[in-house]
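One structure is given here, and the rest of the page talks about it.
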Amino acid sequence: MTDERKEFGKKLIEIREMKGLRQADVAEITGISQRTIGRLERGEIFNPSVDSLIELSKAYGVDIISLNKKYVHGDYYILEEINRSLNLNIIFSSDEMILNLLDKINLIKESRDLKSRKYELKLLEIFIKYISNEINDRDLYDEFEYISYDKIDWKNFPNIDLSPIELRILLNIATTFESYKNIDRLDIFNKCKNQENDKIIKIASCNNLSNFYIKNKDYSKAIKITNEGINYSREKSFIYGLLYLNFSKFLASYRLYDNYEKSLTVTRILLENISNKNLVNKVNEKIKYILD
């Protein structure tokens, strides 16, 4: 029996007692045997079943799956899991998944093991709150400015190395505001587009920049940017990048009264191979709206 599982068991007892429940009550609510609950609380089960952890999560109103990972694998594991979840389609994820990310942040943000990564955790927290609509565009701008303080300004911006989450937040700010601390939005778009370390940032910046040009009726520039992003997405075999950018190319070509059928056909073929139903429905709705 490991210390980690014992600590996990103690936490389960603490949560159960805070809810005013006996083991027998939990057994009745979850359908898990009282014996299994007792063994979990004593740290005697090496690998608890996911089904049991899900039922306990429902009964306690706490993410027991992540709690188990925290004690068994450590806080770094949870942090990396959060970072992996922030993919290109995160805004099309279910409310449940996004709330789960907030639960994970709350679980580790005071971790002593992650003391050196407090800044990153704070940025992750405000970004996830933003995509969950808990804070708005203005809040994101203000909170990022407060947290990053004097790290970023117009003088050092061209040469400063920024992390993926810093660039991701700046990209969202540039999509809404004309500038950030006197840094023009186009400089932000181009910095994100020209970096080579994170394909999600690069593709998202191509997409957002092309949408900016479409909004400003500069359709030729929009098509040029989408072609750049499409070539990169092909190179990286990134189907979601191909979808977003072919859709943007279709929109720009349609507005330009140019040959839009090819990019529309590619978009529709890609949609048939995408598993994210929220994304598929949203894109199909937009296509129908544009063509109608």
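Naming works like this for the structure tokens: A, B, ... for the chains as they're shown, residue 1 at the start of each chain, ligands 1 onward in shown order.
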
Practice problem: Would you mind listing what lies within 7 Å of Ala222 in chain A as a list in words, with only C-alpha atoms counted and same-chain residues fewer than 4 positions away left out? | Solution: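 Contacts, in chain order: Ser210, Asn211, Tyr213, Ile214, Asp218, Thr226 and Ala252 of chain A.
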
Could those selected residues go to a file with all heavy atoms, as a PDB file, in the first residue's frame?
```pdb
ATOM      1  N   SER A 210      -6.829  35.892 -40.933  1.00  0.00           N
ATOM      2  CA  SER A 210      -7.630  35.870 -42.161  1.00  0.00           C
ATOM      3  C   SER A 210      -9.040  36.394 -41.893  1.00  0.00           C
ATOM      4  O   SER A 210      -9.595  37.145 -42.708  1.00  0.00           O
ATOM      5  CB  SER A 210      -7.690  34.457 -42.753  1.00  0.00           C
ATOM      6  OG  SER A 210      -8.412  33.579 -41.920  1.00  0.00           O
ATOM      7  N   ASN A 211      -9.604  36.054 -40.731  1.00  0.00           N
ATOM      8  CA  ASN A 211     -10.935  36.576 -40.374  1.00  0.00           C
ATOM      9  C   ASN A 211     -10.902  38.094 -40.177  1.00  0.00           C
ATOM     10  O   ASN A 211     -11.873  38.792 -40.490  1.00  0.00           O
ATOM     11  CB  ASN A 211     -11.455  35.893 -39.118  1.00  0.00           C
ATOM     12  CG  ASN A 211     -11.903  34.467 -39.389  1.00  0.00           C
ATOM     13  OD1 ASN A 211     -12.327  34.139 -40.494  1.00  0.00           O
ATOM     14  ND2 ASN A 211     -11.789  33.600 -38.393  1.00  0.00           N
ATOM     15  N   TYR A 213      -8.942  40.139 -41.859  1.00  0.00           N
ATOM     16  CA  TYR A 213      -8.929  40.722 -43.201  1.00  0.00           C
ATOM     17  C   TYR A 213     -10.300  40.589 -43.880  1.00  0.00           C
ATOM     18  O   TYR A 213     -10.725  41.491 -44.616  1.00  0.00           O
ATOM     19  CB  TYR A 213      -7.847  40.063 -44.060  1.00  0.00           C
ATOM     20  CG  TYR A 213      -6.447  40.529 -43.716  1.00  0.00           C
ATOM     21  CD1 TYR A 213      -5.425  39.615 -43.479  1.00  0.00           C
ATOM     22  CD2 TYR A 213      -6.146  41.885 -43.635  1.00  0.00           C
ATOM     23  CE1 TYR A 213      -4.136  40.041 -43.166  1.00  0.00           C
ATOM     24  CE2 TYR A 213      -4.861  42.325 -43.327  1.00  0.00           C
ATOM     25  CZ  TYR A 213      -3.871  41.399 -43.093  1.00  0.00           C
ATOM     26  OH  TYR A 213      -2.599  41.825 -42.782  1.00  0.00           O
ATOM     27  N   ILE A 214     -10.991  39.471 -43.620  1.00  0.00           N
ATOM     28  CA  ILE A 214     -12.344  39.308 -44.177  1.00  0.00           C
ATOM     29  C   ILE A 214     -13.268  40.385 -43.616  1.00  0.00           C
ATOM     30  O   ILE A 214     -14.033  41.022 -44.363  1.00  0.00           O
ATOM     31  CB  ILE A 214     -12.893  37.898 -43.863  1.00  0.00           C
ATOM     32  CG1 ILE A 214     -12.139  36.842 -44.667  1.00  0.00           C
ATOM     33  CG2 ILE A 214     -14.397  37.817 -44.166  1.00  0.00           C
ATOM     34  CD1 ILE A 214     -12.415  35.412 -44.242  1.00  0.00           C
ATOM     35  N   ASP A 218     -10.662  42.911 -46.988  1.00  0.00           N
ATOM     36  CA  ASP A 218      -9.414  42.729 -47.730  1.00  0.00           C
ATOM     37  C   ASP A 218      -9.286  41.230 -48.024  1.00  0.00           C
ATOM     38  O   ASP A 218      -8.487  40.512 -47.422  1.00  0.00           O
ATOM     39  CB  ASP A 218      -8.227  43.246 -46.910  1.00  0.00           C
ATOM     40  CG  ASP A 218      -6.976  43.418 -47.759  1.00  0.00           C
ATOM     41  OD1 ASP A 218      -6.909  42.805 -48.842  1.00  0.00           O
ATOM     42  OD2 ASP A 218      -6.075  44.169 -47.346  1.00  0.00           O
ATOM     43  N   THR A 226      -4.750  32.322 -45.528  1.00  0.00           N
ATOM     44  CA  THR A 226      -5.322  30.969 -45.399  1.00  0.00           C
ATOM     45  C   THR A 226      -4.482  29.958 -46.173  1.00  0.00           C
ATOM     46  O   THR A 226      -4.279  28.833 -45.700  1.00  0.00           O
ATOM     47  CB  THR A 226      -6.789  30.912 -45.875  1.00  0.00           C
ATOM     48  OG1 THR A 226      -6.875  31.356 -47.232  1.00  0.00           O
ATOM     49  CG2 THR A 226      -7.696  31.736 -45.007  1.00  0.00           C
ATOM     50  N   ALA A 252     -13.738  33.949 -47.730  1.00  0.00           N
ATOM     51  CA  ALA A 252     -13.059  35.067 -48.407  1.00  0.00           C
ATOM     52  C   ALA A 252     -13.291  35.006 -49.914  1.00  0.00           C
ATOM     53  O   ALA A 252     -13.562  36.028 -50.559  1.00  0.00           O
ATOM     54  CB  ALA A 252     -11.567  35.035 -48.096  1.00  0.00           C
TER      55      ALA A 252
END
```

Quiz item: If we count only C-alpha atoms, what is near Ser233 in chain A at a cut-off of 12 Å, once residues fewer than 6 positions away on the same chain are taken out, given as a list in words?
Solution: Lys199, Ile200, Ile201, Lys202, Ile203, Ala204, Cys206, Asn207, Thr226, Asn227, Ile239, Tyr240, Gly241, Leu242, Leu243, Tyr244, Leu245 and Asn246 of chain A

Self-check item: Test item, strand (DSSP E or B) assignment across range 26-220 of chain A, answer as a VMD selection string
Solution: chain A and resid 179 to 180 183 to 184

Self-check item: Long-range neighbours of range 256-263 of chain A as a PyMOL selection string, 9 Å cut-off, only C-alpha atoms, 2 positions minimum in chain
Solution: chain A and resi 217-220+246-254+265-268

Quiz item: Contacts of range 151-167 of chain A at 8 Å or less, counting only C-alpha atoms, minus same-chain residues fewer than 2 places along, as a PyMOL selection string?
Solution: chain A and resi 120+123-124+148-149+169-171+181-183+191-192+198+201

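In this structure, CA of Ile82 in chain A sits 28.2 Å away from CA of Ile37 in chain A.
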
Quiz item: Can you tell me how far CA of Lys70 in chain A sits from CA of Arg39 in chain A, in Å to one decimal?
Solution: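 Distance between the two atoms: 18.8 Å.
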
Self-check item: Shortest interatomic distance to Leu79 in chain A - which of A:Asp113, A:Glu7, A:Asp139, A:Glu14, counting only C-alpha atoms
Solution: A:Asp113

Quiz prompt | Between CA of Asn276 in chain A and CA of Asn87 in chain A, distance in Å (one decimal) | solution =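 We find that CA of Asn276 in chain A and CA of Asn87 in chain A lie 12.2 Å from each other.
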
Self-check item: range 10-247 of chain A: residues DSSP assigns to helix (DSSP H, G or I), reported as a PyMOL selection string
Solution: chain A and resi 10-18+23-30+34-41+50-60+64-73+75-85+90-92+95-108+115-131+137-148+164-176+185-194+199-215+219-235+239-247

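Nearest-residue note for Asn68 in chain A: choosing from A:Lys286, A:Lys6, A:Lys109, A:Arg185, the minimum distance belongs to A:Lys6, counting only C-alpha atoms.
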
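Neighbouring residues of Asp75 in chain A at 12 Å or closer, counting only C-alpha atoms and skipping chain neighbours under 5 positions away, are Ser66, Leu67, Asn68, Lys69, Lys70, Glu80, Glu81, Ile82, Lys104, Ile105, Asn106, Leu107, Ile108, Lys109, Glu110, Ser111, Arg112, Asp113, Leu114, Lys115, Arg117 and Leu121 of chain A.
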
Exercise. Please identify all polymer residues within 10 Å of Arg138 in chain A, counting only C-alpha atoms, omitting same-chain residues fewer than 4 positions from it, and present them as a list in words.
Key: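 The residues satisfying every condition are Asp142, Glu143, Phe144, Ile173, Thr176 and Phe177 of chain A.
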
Selection to disk with N, CA and C atoms, as a compact mmCIF listing (two decimals), in the first residue's frame:
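To be explicit, this is the file written out as part_35.txt:
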```txt
# COMPACT_ATOMS: atom_id res chain seq x y z
N ASP A 142 -7.74 42.90 -19.00
CA ASP A 142 -7.32 43.51 -17.73
C ASP A 142 -6.58 42.52 -16.83
N GLU A 143 -7.09 41.31 -16.75
CA GLU A 143 -6.46 40.31 -15.86
C GLU A 143 -5.10 39.87 -16.40
N PHE A 144 -5.01 39.76 -17.72
CA PHE A 144 -3.71 39.40 -18.30
C PHE A 144 -2.70 40.51 -18.07
N ILE A 173 -6.96 38.51 -27.34
CA ILE A 173 -7.05 39.96 -27.11
C ILE A 173 -6.98 40.70 -28.45
N THR A 176 -10.10 40.92 -30.53
CA THR A 176 -11.16 41.83 -30.07
C THR A 176 -10.72 43.29 -30.03
N PHE A 177 -9.48 43.53 -29.61
CA PHE A 177 -9.01 44.91 -29.42
C PHE A 177 -7.99 45.29 -30.48
```
